[in-house]
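One file, work.pdb, is given below (PDB, C-alpha atoms).
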ATOM      1  CA  MET X   1     -67.985 -39.104 309.104  1.00  0.00           C
ATOM      2  CA  ILE X   2     -66.001 -42.323 308.647  1.00  0.00           C
ATOM      3  CA  THR X   3     -66.701 -45.025 311.225  1.00  0.00           C
ATOM      4  CA  THR X   4     -63.995 -47.144 312.825  1.00  0.00           C
ATOM      5  CA  GLY X   5     -65.102 -50.123 310.738  1.00  0.00           C
ATOM      6  CA  GLU X   6     -64.931 -48.118 307.524  1.00  0.00           C
ATOM      7  CA  MET X   7     -61.469 -46.807 308.431  1.00  0.00           C
ATOM      8  CA  HIS X   8     -60.264 -50.354 309.069  1.00  0.00           C
ATOM      9  CA  MET X   9     -61.565 -51.390 305.649  1.00  0.00           C
ATOM     10  CA  ILE X  10     -59.841 -48.431 303.937  1.00  0.00           C
ATOM     11  CA  THR X  11     -56.576 -49.253 305.694  1.00  0.00           C
ATOM     12  CA  GLU X  12     -56.796 -52.924 304.678  1.00  0.00           C
ATOM     13  CA  ASP X  13     -57.609 -51.998 301.064  1.00  0.00           C
ATOM     14  CA  TYR X  14     -54.706 -49.540 300.912  1.00  0.00           C
ATOM     15  CA  ALA X  15     -52.284 -52.074 302.405  1.00  0.00           C
ATOM     16  CA  THR X  16     -53.447 -54.828 300.048  1.00  0.00           C
ATOM     17  CA  ALA X  17     -53.180 -52.615 296.973  1.00  0.00           C
ATOM     18  CA  LEU X  18     -49.733 -51.391 297.994  1.00  0.00           C
ATOM     19  CA  LYS X  19     -48.471 -54.920 298.688  1.00  0.00           C
ATOM     20  CA  ASN X  20     -49.825 -56.123 295.336  1.00  0.00           C
ATOM     21  CA  LEU X  21     -48.075 -53.308 293.449  1.00  0.00           C
ATOM     22  CA  ILE X  22     -44.850 -53.927 295.350  1.00  0.00           C
ATOM     23  CA  SER X  23     -45.059 -57.620 294.519  1.00  0.00           C
ATOM     24  CA  LEU X  24     -45.867 -57.043 290.842  1.00  0.00           C
ATOM     25  CA  THR X  25     -42.991 -54.610 290.399  1.00  0.00           C
ATOM     26  CA  GLN X  26     -40.644 -56.330 292.873  1.00  0.00           C
ATOM     27  CA  THR X  27     -40.005 -52.959 294.493  1.00  0.00           C
ATOM     28  CA  LYS X  28     -38.124 -52.880 297.771  1.00  0.00           C
ATOM     29  CA  ASN X  29     -39.514 -50.826 300.644  1.00  0.00           C
ATOM     30  CA  LEU X  30     -36.223 -48.910 300.696  1.00  0.00           C
ATOM     31  CA  VAL X  31     -36.884 -47.740 297.125  1.00  0.00           C
ATOM     32  CA  LEU X  32     -40.335 -46.467 298.129  1.00  0.00           C
ATOM     33  CA  ALA X  33     -38.813 -44.782 301.172  1.00  0.00           C
ATOM     34  CA  ASN X  34     -36.367 -42.948 298.918  1.00  0.00           C
ATOM     35  CA  ILE X  35     -39.105 -42.017 296.428  1.00  0.00           C
ATOM     36  CA  THR X  36     -41.527 -40.702 299.038  1.00  0.00           C
ATOM     37  CA  GLY X  37     -39.022 -39.234 301.478  1.00  0.00           C
ATOM     38  CA  TYR X  38     -40.464 -41.302 304.319  1.00  0.00           C
ATOM     39  CA  ASP X  39     -38.595 -43.701 306.578  1.00  0.00           C
ATOM     40  CA  ILE X  40     -38.741 -47.379 305.647  1.00  0.00           C
ATOM     41  CA  SER X  41     -40.635 -48.037 308.906  1.00  0.00           C
ATOM     42  CA  TYR X  42     -43.537 -45.930 307.590  1.00  0.00           C
ATOM     43  CA  ILE X  43     -43.583 -47.853 304.319  1.00  0.00           C
ATOM     44  CA  SER X  44     -43.733 -51.078 306.313  1.00  0.00           C
ATOM     45  CA  LYS X  45     -46.636 -49.753 308.427  1.00  0.00           C
ATOM     46  CA  TRP X  46     -48.544 -48.774 305.275  1.00  0.00           C
ATOM     47  CA  CYS X  47     -47.960 -52.245 303.793  1.00  0.00           C
ATOM     48  CA  ASN X  48     -49.040 -54.001 306.968  1.00  0.00           C
ATOM     49  CA  GLY X  49     -52.150 -51.889 307.443  1.00  0.00           C
ATOM     50  CA  ILE X  50     -50.929 -50.451 310.727  1.00  0.00           C
ATOM     51  CA  LYS X  51     -51.059 -46.867 309.490  1.00  0.00           C
ATOM     52  CA  LEU X  52     -52.031 -44.859 306.429  1.00  0.00           C
ATOM     53  CA  PRO X  53     -50.143 -41.914 305.001  1.00  0.00           C
ATOM     54  CA  THR X  54     -51.322 -38.672 306.550  1.00  0.00           C
ATOM     55  CA  THR X  55     -54.311 -37.029 304.898  1.00  0.00           C
ATOM     56  CA  LYS X  56     -52.219 -33.929 304.314  1.00  0.00           C
ATOM     57  CA  HIS X  57     -49.608 -35.830 302.246  1.00  0.00           C
ATOM     58  CA  VAL X  58     -51.417 -38.908 300.903  1.00  0.00           C
ATOM     59  CA  GLN X  59     -52.012 -37.501 297.410  1.00  0.00           C
ATOM     60  CA  GLN X  60     -48.376 -36.518 296.979  1.00  0.00           C
ATOM     61  CA  ILE X  61     -47.141 -39.873 298.366  1.00  0.00           C
ATOM     62  CA  ASN X  62     -49.503 -41.853 296.130  1.00  0.00           C
ATOM     63  CA  GLU X  63     -48.507 -39.847 293.055  1.00  0.00           C
ATOM     64  CA  LYS X  64     -44.813 -40.498 293.664  1.00  0.00           C
ATOM     65  CA  MET X  65     -45.383 -44.219 294.165  1.00  0.00           C
ATOM     66  CA  ALA X  66     -47.785 -44.377 291.195  1.00  0.00           C
ATOM     67  CA  HIS X  67     -45.147 -42.908 288.892  1.00  0.00           C
ATOM     68  CA  HIS X  68     -42.637 -45.491 290.065  1.00  0.00           C
ATOM     69  CA  PHE X  69     -45.067 -48.401 289.731  1.00  0.00           C
ATOM     70  CA  ALA X  70     -46.330 -47.284 286.313  1.00  0.00           C
ATOM     71  CA  ASP X  71     -42.809 -46.721 284.969  1.00  0.00           C
ATOM     72  CA  THR X  72     -41.693 -50.136 286.221  1.00  0.00           C
ATOM     73  CA  ILE X  73     -44.775 -51.926 284.863  1.00  0.00           C
ATOM     74  CA  ILE X  74     -44.320 -50.315 281.457  1.00  0.00           C
ATOM     75  CA  LYS X  75     -40.555 -50.896 281.388  1.00  0.00           C
ATOM     76  CA  GLU X  76     -40.963 -54.567 282.311  1.00  0.00           C
ATOM     77  CA  ASN X  77     -43.967 -54.992 280.006  1.00  0.00           C
ATOM     78  CA  LYS X  78     -46.230 -56.197 282.835  1.00  0.00           C
ATOM     79  CA  GLN X  79     -49.347 -54.307 281.767  1.00  0.00           C
ATOM     80  CA  LYS X  80     -51.302 -57.481 280.967  1.00  0.00           C
ATOM     81  CA  THR X  81     -50.481 -58.886 284.405  1.00  0.00           C
ATOM     82  CA  LEU X  82     -51.708 -55.692 286.031  1.00  0.00           C
ATOM     83  CA  TYR X  83     -54.910 -55.624 283.982  1.00  0.00           C
ATOM     84  CA  ALA X  84     -55.630 -59.268 284.838  1.00  0.00           C
ATOM     85  CA  ALA X  85     -54.947 -58.690 288.534  1.00  0.00           C
ATOM     86  CA  LEU X  86     -57.334 -55.726 288.558  1.00  0.00           C
ATOM     87  CA  SER X  87     -59.883 -57.382 286.257  1.00  0.00           C
ATOM     88  CA  ILE X  88     -59.918 -54.400 283.924  1.00  0.00           C
ATOM     89  CA  SER X  89     -59.738 -53.982 280.172  1.00  0.00           C
ATOM     90  CA  PRO X  90     -56.458 -52.686 278.769  1.00  0.00           C
ATOM     91  CA  HIS X  91     -58.535 -50.145 276.833  1.00  0.00           C
ATOM     92  CA  THR X  92     -59.753 -48.404 279.985  1.00  0.00           C
ATOM     93  CA  VAL X  93     -56.405 -47.523 281.532  1.00  0.00           C
ATOM     94  CA  ASP X  94     -53.427 -45.529 280.328  1.00  0.00           C
ATOM     95  CA  LEU X  95     -50.425 -46.197 282.544  1.00  0.00           C
ATOM     96  CA  ALA X  96     -48.351 -43.490 280.917  1.00  0.00           C
ATOM     97  CA  LEU X  97     -48.595 -40.718 283.465  1.00  0.00           C
ATOM     98  CA  LYS X  98     -48.250 -37.185 282.279  1.00  0.00           C
TER      99      LYS X  98
END
As structure tokens, please, write out the structure in this file.
Amino acid sequence: MITTGEMHMITEDYATALKNLISLTQTKNLVLANITGYDISYISKWCNGIKLPTTKHVQQINEKMAHHFADTIIKENKQKTLYAALSISPHTVDLALK
């Protein structure tokens, strides 16, 4: 079972990661709302750590956003920036989603 403290940490990590990807790709919340089918107010709550996507739909939401972020990063040739931000080797990650 996840404790309240652990849930707070997960929420903060999710919000931080989402904000970092939004910043890197300069994606507007409205774009993510259109991609995910959720209202912009939900996107804002996810970014601010107020709420997380529902467990039932989180995988589908994350996949939709991941495709957008990966496509944008590749298109704008920002892979090196992403790798540096995540402290990972470019040889360990393939951004091209299948």
Item checked: Result set, the PyMOL selection byres ((chain X and resi 64-81) around 10) on current file, as number ranges by chain -> X: 18, 21-22, 24-27, 31-33, 35-37, 58-63, 82-90, 93-98
Next item on the list: Could you please determine the separation between CA of Ser41 (chain X) and CA of Lys28 (chain X) in Å, to one decimal place?
Entry: 12.4 Å
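From CA of Gly49 (chain X) back to CA of Lys19 (chain X), the distance works out to 10.0 Å.
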Checklist line | Atomic distance CA of Tyr38 (chain X) - CA of Thr16 (chain X), expressed in Å with one decimal | finding: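 Rounded to one decimal, the two atoms are 19.2 Å apart.
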Check: Any idea what's packed within 9 Å of Glu12 (chain X), counting only C-alpha atoms, ignoring anything in its chain fewer than 5 positions away? Could you give it as an NGL selection string?
Finding: :X and (7 or 17 or 47-50)
Per-axis box centre and lengths in Å around region 36-47 of chain X, 3 Å margin per side, axis-aligned, as AutoDock Vina command-line options:
--center_x -43.6 --center_y -45.7 --center_z 304.0 --size_x 15.9 --size_y 19.0 --size_z 15.9
Next item on the list: Choose the residue, out of X:Leu30, X:His91, X:Trp46, X:Ile40, that has the smallest atom-to-atom separation from Asp13 (chain X); count all atoms listed in the file.
Entry: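 Smallest separation from Asp13 (chain X) among the options: X:Trp46.
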Reconstructed all heavy atoms for region 46-57 of chain X, given as a compact mmCIF listing (two decimals), keeping the file's coordinate frame:
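Listed below is the output, selection-v5.txt:
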# COMPACT_ATOMS: atom_id res chain seq x y z
N TRP X 46 -47.52 -48.91 306.31
CA TRP X 46 -48.54 -48.77 305.27
C TRP X 46 -48.84 -50.13 304.65
O TRP X 46 -49.99 -50.47 304.42
CB TRP X 46 -48.10 -47.82 304.17
CG TRP X 46 -47.80 -46.42 304.63
CD1 TRP X 46 -48.22 -45.80 305.78
CD2 TRP X 46 -47.01 -45.45 303.94
NE1 TRP X 46 -47.73 -44.52 305.85
CE2 TRP X 46 -46.98 -44.27 304.73
CE3 TRP X 46 -46.31 -45.46 302.74
CZ2 TRP X 46 -46.29 -43.13 304.35
CZ3 TRP X 46 -45.62 -44.32 302.36
CH2 TRP X 46 -45.62 -43.17 303.15
N CYS X 47 -47.80 -50.91 304.41
CA CYS X 47 -47.96 -52.24 303.79
C CYS X 47 -48.67 -53.22 304.72
O CYS X 47 -49.40 -54.10 304.25
CB CYS X 47 -46.60 -52.84 303.42
SG CYS X 47 -45.78 -52.02 302.06
N ASN X 48 -48.45 -53.08 306.00
CA ASN X 48 -49.04 -54.00 306.97
C ASN X 48 -50.38 -53.53 307.50
O ASN X 48 -50.98 -54.18 308.35
CB ASN X 48 -48.06 -54.25 308.12
CG ASN X 48 -46.86 -55.02 307.66
OD1 ASN X 48 -46.97 -55.97 306.88
ND2 ASN X 48 -45.68 -54.62 308.10
N GLY X 49 -50.85 -52.39 307.02
CA GLY X 49 -52.15 -51.89 307.44
C GLY X 49 -52.17 -51.34 308.85
O GLY X 49 -53.23 -51.19 309.45
N ILE X 50 -51.00 -51.01 309.38
CA ILE X 50 -50.93 -50.45 310.73
C ILE X 50 -51.26 -48.97 310.71
O ILE X 50 -51.90 -48.44 311.61
CB ILE X 50 -49.53 -50.70 311.34
CG1 ILE X 50 -49.30 -52.20 311.50
CG2 ILE X 50 -49.36 -49.97 312.66
CD1 ILE X 50 -47.88 -52.59 311.83
N LYS X 51 -50.81 -48.30 309.66
CA LYS X 51 -51.06 -46.87 309.49
C LYS X 51 -51.32 -46.56 308.03
O LYS X 51 -51.00 -47.36 307.16
CB LYS X 51 -49.83 -46.05 309.92
CG LYS X 51 -49.64 -45.91 311.38
CD LYS X 51 -48.56 -44.88 311.65
CE LYS X 51 -48.57 -44.59 313.14
NZ LYS X 51 -48.38 -43.20 313.43
N LEU X 52 -51.88 -45.40 307.77
CA LEU X 52 -52.03 -44.86 306.43
C LEU X 52 -51.18 -43.60 306.34
O LEU X 52 -50.89 -42.97 307.36
CB LEU X 52 -53.49 -44.46 306.17
CG LEU X 52 -54.50 -45.58 305.99
CD1 LEU X 52 -55.91 -44.99 305.91
CD2 LEU X 52 -54.19 -46.38 304.75
N PRO X 53 -50.81 -43.22 305.13
CA PRO X 53 -50.14 -41.91 305.00
C PRO X 53 -51.07 -40.83 305.53
O PRO X 53 -52.30 -40.96 305.47
CB PRO X 53 -49.94 -41.77 303.49
CG PRO X 53 -49.95 -43.17 302.96
CD PRO X 53 -50.91 -43.91 303.84
N THR X 54 -50.50 -39.75 306.01
CA THR X 54 -51.32 -38.67 306.55
C THR X 54 -52.20 -38.08 305.45
O THR X 54 -51.80 -38.04 304.29
CB THR X 54 -50.45 -37.55 307.15
OG1 THR X 54 -49.64 -37.00 306.11
CG2 THR X 54 -49.59 -38.06 308.28
N THR X 55 -53.37 -37.63 305.84
CA THR X 55 -54.31 -37.03 304.90
C THR X 55 -53.67 -35.86 304.17
O THR X 55 -53.89 -35.67 302.97
CB THR X 55 -55.58 -36.56 305.65
OG1 THR X 55 -56.10 -37.66 306.38
CG2 THR X 55 -56.62 -36.04 304.70
N LYS X 56 -52.86 -35.11 304.88
CA LYS X 56 -52.22 -33.93 304.31
C LYS X 56 -51.27 -34.29 303.16
O LYS X 56 -51.13 -33.53 302.21
CB LYS X 56 -51.44 -33.20 305.41
CG LYS X 56 -50.79 -31.92 304.97
CD LYS X 56 -50.11 -31.24 306.14
CE LYS X 56 -49.43 -29.96 305.69
NZ LYS X 56 -48.78 -29.26 306.80
N HIS X 57 -50.62 -35.47 303.23
CA HIS X 57 -49.61 -35.83 302.25
C HIS X 57 -49.95 -37.05 301.39
O HIS X 57 -49.15 -37.43 300.53
CB HIS X 57 -48.28 -36.08 302.96
CG HIS X 57 -47.74 -34.86 303.63
ND1 HIS X 57 -47.73 -34.73 305.00
CD2 HIS X 57 -47.24 -33.71 303.13
CE1 HIS X 57 -47.22 -33.56 305.31
NE2 HIS X 57 -46.92 -32.91 304.20
